[in-house]
$ cat start.txt   # compact mmCIF, C-alpha atoms
# COMPACT_ATOMS: atom_id res chain seq x y z
CA LYS A 1 -13.91 9.95 10.41
CA ALA A 2 -10.40 9.92 11.79
CA GLY A 3 -7.71 8.34 9.66
CA VAL A 4 -5.06 5.80 10.54
CA THR A 5 -2.66 7.04 13.16
CA GLN A 6 0.83 5.78 13.85
CA THR A 7 3.10 6.53 16.75
CA PRO A 8 5.78 7.55 17.05
CA ARG A 9 6.38 9.37 13.77
CA TYR A 10 10.14 9.34 14.09
CA LEU A 11 12.45 7.08 16.03
CA ILE A 12 16.20 6.69 16.36
CA LYS A 13 17.59 3.49 17.83
CA THR A 14 20.96 1.82 18.00
CA ARG A 15 21.89 -1.62 16.74
CA GLY A 16 20.84 -4.43 19.02
CA GLN A 17 17.97 -2.54 20.60
CA GLN A 18 14.33 -3.41 20.13
CA VAL A 19 11.48 -1.16 19.09
CA THR A 20 7.69 -1.17 19.24
CA LEU A 21 5.56 0.77 16.80
CA SER A 22 1.86 1.42 17.24
CA CYS A 23 -1.01 1.74 14.79
CA SER A 24 -4.61 2.76 15.39
CA PRO A 25 -6.88 1.84 12.47
CA ILE A 26 -9.93 3.64 11.24
CA SER A 27 -12.94 2.99 13.43
CA GLY A 28 -14.74 -0.12 12.25
CA HIS A 29 -11.77 -1.53 10.35
CA ARG A 30 -10.73 -4.95 11.56
CA SER A 31 -7.74 -5.60 9.32
CA VAL A 32 -4.35 -4.02 9.93
CA SER A 33 -1.38 -4.60 7.67
CA TRP A 34 2.21 -3.54 8.15
CA TYR A 35 4.70 -2.64 5.43
CA GLN A 36 8.35 -1.73 5.32
CA GLN A 37 9.45 0.80 2.74
CA THR A 38 13.06 1.42 1.77
CA PRO A 39 14.52 3.14 -1.29
CA GLY A 40 16.10 -0.07 -2.48
CA GLN A 41 13.32 -2.59 -1.86
CA GLY A 42 10.22 -0.47 -2.19
CA LEU A 43 7.09 -1.37 -0.25
CA GLN A 44 7.32 -4.82 1.28
CA PHE A 45 4.51 -6.59 3.09
CA LEU A 46 5.32 -7.60 6.66
CA PHE A 47 2.11 -9.09 8.04
CA GLU A 48 -1.61 -8.64 8.34
CA TYR A 49 -3.84 -9.02 11.37
CA PHE A 50 -7.56 -9.54 11.40
CA SER A 51 -9.60 -9.92 14.58
CA GLU A 52 -6.45 -10.36 16.71
CA THR A 53 -5.11 -13.16 14.49
CA GLN A 54 -2.21 -13.00 12.12
CA ARG A 55 -3.73 -13.86 8.78
CA ASN A 56 -0.76 -13.36 6.47
CA LYS A 57 2.97 -12.98 6.82
CA GLY A 58 5.62 -11.70 4.45
CA ASN A 59 9.18 -12.90 4.06
CA PHE A 60 10.78 -11.22 7.03
CA PRO A 61 12.88 -12.82 9.78
CA GLY A 62 11.39 -13.73 13.13
CA ARG A 63 12.82 -10.54 14.64
CA PHE A 64 9.76 -8.84 13.18
CA SER A 65 6.58 -9.60 15.05
CA GLY A 66 3.25 -8.04 15.68
CA ARG A 67 -0.03 -8.32 17.46
CA GLN A 68 -3.51 -6.92 17.35
CA PHE A 69 -5.71 -6.04 20.26
CA SER A 70 -9.44 -6.49 20.68
CA ASN A 71 -10.03 -2.85 19.67
CA SER A 72 -8.14 -3.55 16.39
CA ARG A 73 -5.17 -1.43 17.39
CA SER A 74 -1.94 -3.09 16.38
CA GLU A 75 1.67 -3.05 17.43
CA MET A 76 4.74 -4.12 15.57
CA ASN A 77 7.95 -5.12 17.30
CA VAL A 78 11.44 -5.45 15.91
CA SER A 79 14.04 -7.04 18.13
CA THR A 80 17.82 -6.94 17.84
CA LEU A 81 17.76 -4.04 15.42
CA GLU A 82 20.13 -4.02 12.45
CA LEU A 83 21.25 -1.11 10.33
CA GLY A 84 19.22 -2.51 7.46
CA ASP A 85 16.02 -2.12 9.47
CA SER A 86 16.15 1.63 8.90
CA ALA A 87 13.01 2.32 6.92
CA LEU A 88 9.61 3.90 6.81
CA TYR A 89 7.15 1.53 8.48
CA LEU A 90 3.61 1.92 7.23
CA CYS A 91 0.43 0.63 8.71
CA ALA A 92 -2.76 0.25 6.68
CA SER A 93 -6.26 -0.58 7.78
CA SER A 94 -9.17 -1.96 5.84
CA LEU A 95 -12.54 -3.53 6.46
CA GLY A 96 -10.89 -6.91 5.98
CA ILE A 97 -14.11 -8.50 4.83
CA GLY A 98 -16.65 -7.80 2.16
CA GLY A 99 -18.25 -4.43 2.66
CA THR A 100 -21.62 -3.11 1.63
CA THR A 101 -22.53 -2.46 -1.97
CA GLY A 102 -20.44 0.34 -3.38
CA ASP A 103 -17.56 -0.12 -0.97
CA ASN A 104 -14.13 -0.55 -2.38
CA LEU A 105 -13.73 -3.89 -0.73
CA TYR A 106 -9.99 -4.07 -0.70
CA GLU A 107 -9.14 -0.44 -0.24
CA GLN A 108 -6.45 0.09 2.31
CA TYR A 109 -6.06 3.33 4.21
CA PHE A 110 -2.48 4.07 5.10
CA GLY A 111 -1.13 5.96 8.05
CA PRO A 112 1.66 8.54 7.78
CA GLY A 113 4.27 5.98 8.79
CA THR A 114 7.00 5.76 11.39
CA ARG A 115 10.47 6.69 10.21
CA LEU A 116 12.91 4.39 12.01
CA THR A 117 16.61 5.13 11.89
CA VAL A 118 19.03 2.56 13.27
CA THR A 119 22.54 3.79 14.03
CA LEU B 1 -0.91 -13.68 -6.13
CA ALA B 2 -0.66 -11.81 -9.42
CA LYS B 3 2.66 -10.18 -10.17
CA THR B 4 2.42 -6.76 -11.76
CA THR B 5 4.81 -4.99 -14.10
CA GLN B 6 4.82 -1.24 -14.68
CA PRO B 7 7.16 1.24 -16.34
CA ILE B 8 9.69 2.56 -13.85
CA SER B 9 9.16 6.21 -14.71
CA MET B 10 7.24 8.59 -16.95
CA ASP B 11 7.40 12.30 -17.69
CA SER B 12 4.48 14.46 -18.74
CA TYR B 13 3.75 18.12 -19.25
CA GLU B 14 1.13 19.90 -17.22
CA GLY B 15 -2.33 19.74 -18.73
CA GLN B 16 -1.72 16.52 -20.63
CA GLU B 17 -3.49 13.23 -20.14
CA VAL B 18 -1.27 10.52 -18.70
CA ASN B 19 -1.82 6.82 -19.21
CA ILE B 20 0.09 4.33 -17.07
CA THR B 21 -0.21 0.72 -18.10
CA CYS B 22 0.23 -2.23 -15.79
CA SER B 23 0.72 -5.83 -16.86
CA HIS B 24 -0.69 -8.67 -14.72
CA ASN B 25 -0.55 -11.78 -16.86
CA ASN B 26 -1.39 -14.28 -14.12
CA ILE B 27 -4.31 -12.40 -12.63
CA ALA B 28 -6.78 -14.64 -10.83
CA THR B 29 -10.51 -14.69 -11.37
CA ASN B 30 -11.20 -13.12 -7.99
CA ASP B 31 -8.54 -10.42 -8.22
CA TYR B 32 -9.47 -6.78 -8.35
CA ILE B 33 -7.13 -4.22 -9.89
CA THR B 34 -6.33 -1.33 -7.63
CA TRP B 35 -4.15 1.73 -8.05
CA TYR B 36 -2.48 3.76 -5.33
CA GLN B 37 -0.64 7.06 -5.36
CA GLN B 38 2.24 7.85 -3.04
CA PHE B 39 3.97 11.13 -2.29
CA PRO B 40 7.40 11.19 -0.61
CA SER B 41 7.35 10.34 3.09
CA GLN B 42 3.62 9.59 3.03
CA GLY B 43 1.63 6.39 2.93
CA PRO B 44 0.04 5.32 -0.36
CA ARG B 45 -3.39 6.70 -1.12
CA PHE B 46 -6.14 4.77 -2.90
CA ILE B 47 -7.00 6.14 -6.33
CA ILE B 48 -9.29 3.70 -8.08
CA GLN B 49 -10.30 0.06 -8.25
CA GLY B 50 -11.96 -2.08 -10.89
CA TYR B 51 -12.66 -5.59 -12.06
CA LYS B 52 -13.25 -5.23 -15.79
CA THR B 53 -14.17 -2.72 -18.51
CA LYS B 54 -13.99 0.88 -17.37
CA VAL B 55 -14.27 2.62 -14.05
CA THR B 56 -14.20 6.37 -13.56
CA ASN B 57 -14.15 8.52 -10.48
CA GLU B 58 -13.44 12.16 -9.80
CA VAL B 59 -9.69 11.82 -10.18
CA ALA B 60 -8.97 9.03 -12.66
CA SER B 61 -10.23 6.37 -15.03
CA LEU B 62 -9.27 2.73 -15.10
CA PHE B 63 -9.47 0.72 -18.30
CA ILE B 64 -9.38 -3.06 -18.12
CA PRO B 65 -9.62 -5.14 -21.30
CA ALA B 66 -11.68 -8.30 -21.51
CA ASP B 67 -8.72 -10.63 -20.88
CA ARG B 68 -7.78 -8.63 -17.75
CA LYS B 69 -4.08 -9.24 -18.31
CA SER B 70 -3.36 -5.55 -18.22
CA SER B 71 -4.92 -2.33 -17.05
CA THR B 72 -4.40 1.36 -17.75
CA LEU B 73 -4.70 4.17 -15.27
CA SER B 74 -5.65 7.41 -16.98
CA LEU B 75 -5.07 10.77 -15.28
CA PRO B 76 -6.75 13.62 -17.15
CA ARG B 77 -4.98 16.97 -17.42
CA VAL B 78 -2.22 16.35 -14.88
CA SER B 79 -0.85 19.12 -12.72
CA LEU B 80 2.43 19.47 -10.85
CA SER B 81 0.76 18.07 -7.74
CA ASP B 82 0.25 14.75 -9.54
CA THR B 83 4.00 14.13 -9.41
CA ALA B 84 4.17 10.93 -7.37
CA VAL B 85 4.73 7.19 -7.54
CA TYR B 86 1.78 5.16 -8.80
CA TYR B 87 1.34 1.52 -7.82
CA CYS B 88 -0.79 -1.10 -9.53
CA LEU B 89 -1.99 -4.09 -7.52
CA ALA B 90 -4.04 -7.14 -8.38
CA TYR B 91 -5.43 -9.04 -5.43
CA SER B 92 -8.59 -10.39 -3.95
CA GLY B 93 -8.11 -9.38 -0.37
CA GLY B 94 -8.99 -11.68 2.44
CA TYR B 95 -6.31 -14.26 2.94
CA GLN B 96 -3.99 -12.91 0.26
CA LYS B 97 -0.82 -11.01 0.82
CA VAL B 98 -0.92 -7.57 -0.70
CA THR B 99 2.24 -6.93 -2.68
CA PHE B 100 3.23 -3.59 -4.10
CA GLY B 101 5.58 -3.59 -7.07
CA THR B 102 8.17 -0.92 -7.71
CA GLY B 103 5.57 1.46 -9.06
CA THR B 104 5.80 4.13 -11.75
CA LYS B 105 7.38 7.43 -10.85
CA LEU B 106 5.45 10.14 -12.67
CA GLN B 107 7.16 13.49 -13.08
CA VAL B 108 4.93 16.33 -14.25
CA ILE B 109 6.86 19.09 -15.96
CA PRO B 110 5.69 22.73 -16.04
$ encode --input "start.txt" --output "structure tokens"
Amino acid sequence: KAGVTQTPRYLIKTRGQQVTLSCSPISGHRSVSWYQQTPGQGLQFLFEYFSETQRNKGNFPGRFSGRQFSNSRSEMNVSTLELGDSALYLCASSLGIGGTTGDNLYEQYFGPGTRLTVT
Amino acid sequence: LAKTTQPISMDSYEGQEVNITCSHNNIATNDYITWYQQFPSQGPRFIIQGYKTKVTNEVASLFIPADRKSSTLSLPRVSLSDTAVYYCLAYSGGYQKVTFGTGTKLQVIP
């Protein structure tokens, strides 16, 4: 089956602008999580959506927001971009609930990421 | 949410077995231990998951002692393509936040 897709793959924005990133999970997956990865901070959890509801949120300012649609696709928005927002933004999908016997229940499948550069 | 501690980096020669140990002293009863592999500019990739004792799949083995306060990822006969960052996580999914630590950067030397 098709993997997690993220668009766009690369993005260059200037300070103060806003950006929207998109993630399409694996078919049948209802949970989508977003992560920010930078060389200095590593992989940091942004938020997780399950059935169109935000279920968990990391320690990021309110400029970072997201949503999930009824088809499980998710978008992430960053407003008033800062230089420090330059990062690789990763989306991961998972079943989000207990699977059938033999499933790796908490396995997340990551997309290739969106490389955001803020100038 | 269990905090994990891993060595920052490791070097190994091709063909050797590599063991990466992760400490998770405050692991909860419902937490599973999961390892991911990440190559530069790619998303992490699931390697293996376990709850206790030993789990083996086609690429790795995971050893978890009875107290579950640590775990060891074992990669048999590593090759240059195994050079990557390896992350250990302990979580129970659902309503928990999934936190990746700094990971272990494995460098395989020819």
$ interface_residues --input "start.txt" --of "chain B" --to "chain A" --cutoff "6 Å" --atoms "all atoms listed in the file" --output "PyMOL selection string"
chain B and resi 42-43+93+100+102
$ residues_around --input "start.txt" --residues "Cys22 in chain B" --least-positions-apart "4" --cutoff "8 Å" --atoms "all atoms listed in the file" --output "VMD selection string"
chain B and resid 4 to 7 70 to 72 88
$ atom_distance --input "start.txt" --atom1 "CA of Tyr86 in chain B" --atom2 "CA of Glu17 in chain B"
14.9 Å
$ residues_around --input "start.txt" --residues "range 64-77 of chain A" --least-positions-apart "6" --cutoff "10 Å" --atoms "all atoms listed in the file" --output "JSON, numbers by chain"
{"A": [4, 5, 6, 7, 18, 19, 20, 21, 22, 23, 24, 25, 26, 27, 28, 29, 30, 31, 32, 33, 34, 46, 47, 48, 49, 50, 51, 52, 53, 54, 57, 85, 89, 91, 93]}
$ atom_distance --input "start.txt" --atom1 "CA of Gln36 in chain A" --atom2 "CA of Ser61 in chain B"
28.7 Å
$ atom_distance --input "start.txt" --atom1 "CA of Leu73 in chain B" --atom2 "CA of Asp11 in chain B"
14.8 Å
$ residues_around --input "start.txt" --residues "Asn57 in chain B" --least-positions-apart "5" --cutoff "9 Å" --atoms "all atoms listed in the file" --output "number ranges by chain"
B: 47-48, 62
$ closest_residue --input "start.txt" --among "B:Val78, B:Leu89, B:Ala60, B:Val108" --to "Ile33 in chain B" --atoms "all atoms listed in the file"
B:Leu89
$ decode --input "start.txt" --residues "range 74-88 of chain B" --atoms "all heavy atoms" --output "tab-separated table (two decimals), in the first residue's frame"
chain	number	residue	atom	x	y	z
B	74	SER	N	20.01	-5.27	19.04
B	74	SER	CA	21.15	-5.99	18.48
B	74	SER	C	21.02	-6.07	16.97
B	74	SER	O	20.02	-6.56	16.45
B	74	SER	CB	21.22	-7.40	19.09
B	74	SER	OG	22.34	-8.10	18.57
B	75	LEU	N	22.03	-5.56	16.28
B	75	LEU	CA	22.08	-5.62	14.82
B	75	LEU	C	23.17	-6.61	14.42
B	75	LEU	O	24.35	-6.37	14.69
B	75	LEU	CB	22.39	-4.24	14.24
B	75	LEU	CG	21.47	-3.10	14.65
B	75	LEU	CD1	22.01	-1.76	14.17
B	75	LEU	CD2	20.08	-3.33	14.11
B	76	PRO	N	22.81	-7.72	13.81
B	76	PRO	CA	23.81	-8.72	13.46
B	76	PRO	C	24.58	-8.34	12.19
B	76	PRO	O	23.99	-7.86	11.23
B	76	PRO	CB	22.97	-9.97	13.22
B	76	PRO	CG	21.65	-9.45	12.76
B	76	PRO	CD	21.44	-8.13	13.47
B	77	ARG	N	25.87	-8.51	12.22
B	77	ARG	CA	26.69	-8.34	11.02
B	77	ARG	C	26.34	-7.06	10.26
B	77	ARG	O	25.79	-7.09	9.15
B	77	ARG	CB	26.56	-9.54	10.10
B	77	ARG	CG	27.06	-10.83	10.72
B	77	ARG	CD	26.90	-12.01	9.77
B	77	ARG	NE	25.50	-12.25	9.42
B	77	ARG	CZ	24.64	-12.87	10.19
B	77	ARG	NH1	25.01	-13.32	11.38
B	77	ARG	NH2	23.38	-13.06	9.78
B	78	VAL	N	26.65	-5.92	10.85
B	78	VAL	CA	26.28	-4.64	10.25
B	78	VAL	C	27.05	-4.41	8.96
B	78	VAL	O	28.18	-4.88	8.77
B	78	VAL	CB	26.51	-3.47	11.22
B	78	VAL	CG1	25.55	-3.57	12.40
B	78	VAL	CG2	27.95	-3.39	11.67
B	79	SER	N	26.43	-3.63	8.09
B	79	SER	CA	27.06	-3.22	6.84
B	79	SER	C	27.09	-1.69	6.80
B	79	SER	O	26.51	-1.03	7.68
B	79	SER	CB	26.29	-3.76	5.64
B	79	SER	OG	24.99	-3.19	5.61
B	80	LEU	N	27.76	-1.15	5.81
B	80	LEU	CA	27.87	0.31	5.70
B	80	LEU	C	26.50	0.97	5.64
B	80	LEU	O	26.32	2.09	6.13
B	80	LEU	CB	28.70	0.68	4.47
B	80	LEU	CG	30.16	0.25	4.47
B	80	LEU	CD1	30.83	0.61	3.16
B	80	LEU	CD2	30.91	0.86	5.64
B	81	SER	N	25.54	0.28	5.07
B	81	SER	CA	24.19	0.86	4.92
B	81	SER	C	23.44	0.94	6.26
B	81	SER	O	22.35	1.51	6.30
B	81	SER	CB	23.37	0.03	3.93
B	81	SER	OG	23.21	-1.29	4.41
B	82	ASP	N	24.00	0.38	7.29
B	82	ASP	CA	23.38	0.48	8.62
B	82	ASP	C	23.81	1.75	9.35
B	82	ASP	O	23.35	2.02	10.47
B	82	ASP	CB	23.74	-0.74	9.48
B	82	ASP	CG	23.12	-2.02	8.95
B	82	ASP	OD1	21.94	-1.98	8.55
B	82	ASP	OD2	23.82	-3.06	8.92
B	83	THR	N	24.69	2.53	8.74
B	83	THR	CA	25.09	3.81	9.32
B	83	THR	C	23.87	4.72	9.35
B	83	THR	O	23.30	5.06	8.33
B	83	THR	CB	26.21	4.46	8.48
B	83	THR	OG1	27.39	3.67	8.58
B	83	THR	CG2	26.51	5.86	8.99
B	84	ALA	N	23.47	5.09	10.56
B	84	ALA	CA	22.23	5.84	10.74
B	84	ALA	C	22.13	6.24	12.21
B	84	ALA	O	22.98	5.91	13.03
B	84	ALA	CB	21.02	4.99	10.35
B	85	VAL	N	21.06	6.96	12.53
B	85	VAL	CA	20.75	7.27	13.92
B	85	VAL	C	19.65	6.33	14.38
B	85	VAL	O	18.66	6.12	13.66
B	85	VAL	CB	20.29	8.73	14.09
B	85	VAL	CG1	19.93	9.01	15.55
B	85	VAL	CG2	21.39	9.69	13.63
B	86	TYR	N	19.82	5.76	15.57
B	86	TYR	CA	18.86	4.80	16.10
B	86	TYR	C	18.22	5.39	17.35
B	86	TYR	O	18.89	5.83	18.26
B	86	TYR	CB	19.57	3.48	16.42
B	86	TYR	CG	20.03	2.78	15.17
B	86	TYR	CD1	21.24	3.14	14.57
B	86	TYR	CD2	19.26	1.79	14.57
B	86	TYR	CE1	21.66	2.54	13.39
B	86	TYR	CE2	19.67	1.18	13.39
B	86	TYR	CZ	20.87	1.56	12.81
B	86	TYR	OH	21.28	0.95	11.65
B	87	TYR	N	16.89	5.36	17.36
B	87	TYR	CA	16.13	5.94	18.46
B	87	TYR	C	15.40	4.84	19.24
B	87	TYR	O	14.80	3.93	18.65
B	87	TYR	CB	15.06	6.92	17.95
B	87	TYR	CG	15.61	8.15	17.28
B	87	TYR	CD1	15.77	8.20	15.89
B	87	TYR	CD2	15.94	9.28	18.03
B	87	TYR	CE1	16.25	9.34	15.28
B	87	TYR	CE2	16.42	10.42	17.41
B	87	TYR	CZ	16.57	10.44	16.04
B	87	TYR	OH	17.04	11.57	15.44
B	88	CYS	N	15.44	4.97	20.54
B	88	CYS	CA	14.70	4.08	21.43
B	88	CYS	C	13.53	4.87	22.03
B	88	CYS	O	13.71	6.00	22.47
B	88	CYS	CB	15.64	3.61	22.53
B	88	CYS	SG	14.85	2.94	23.99
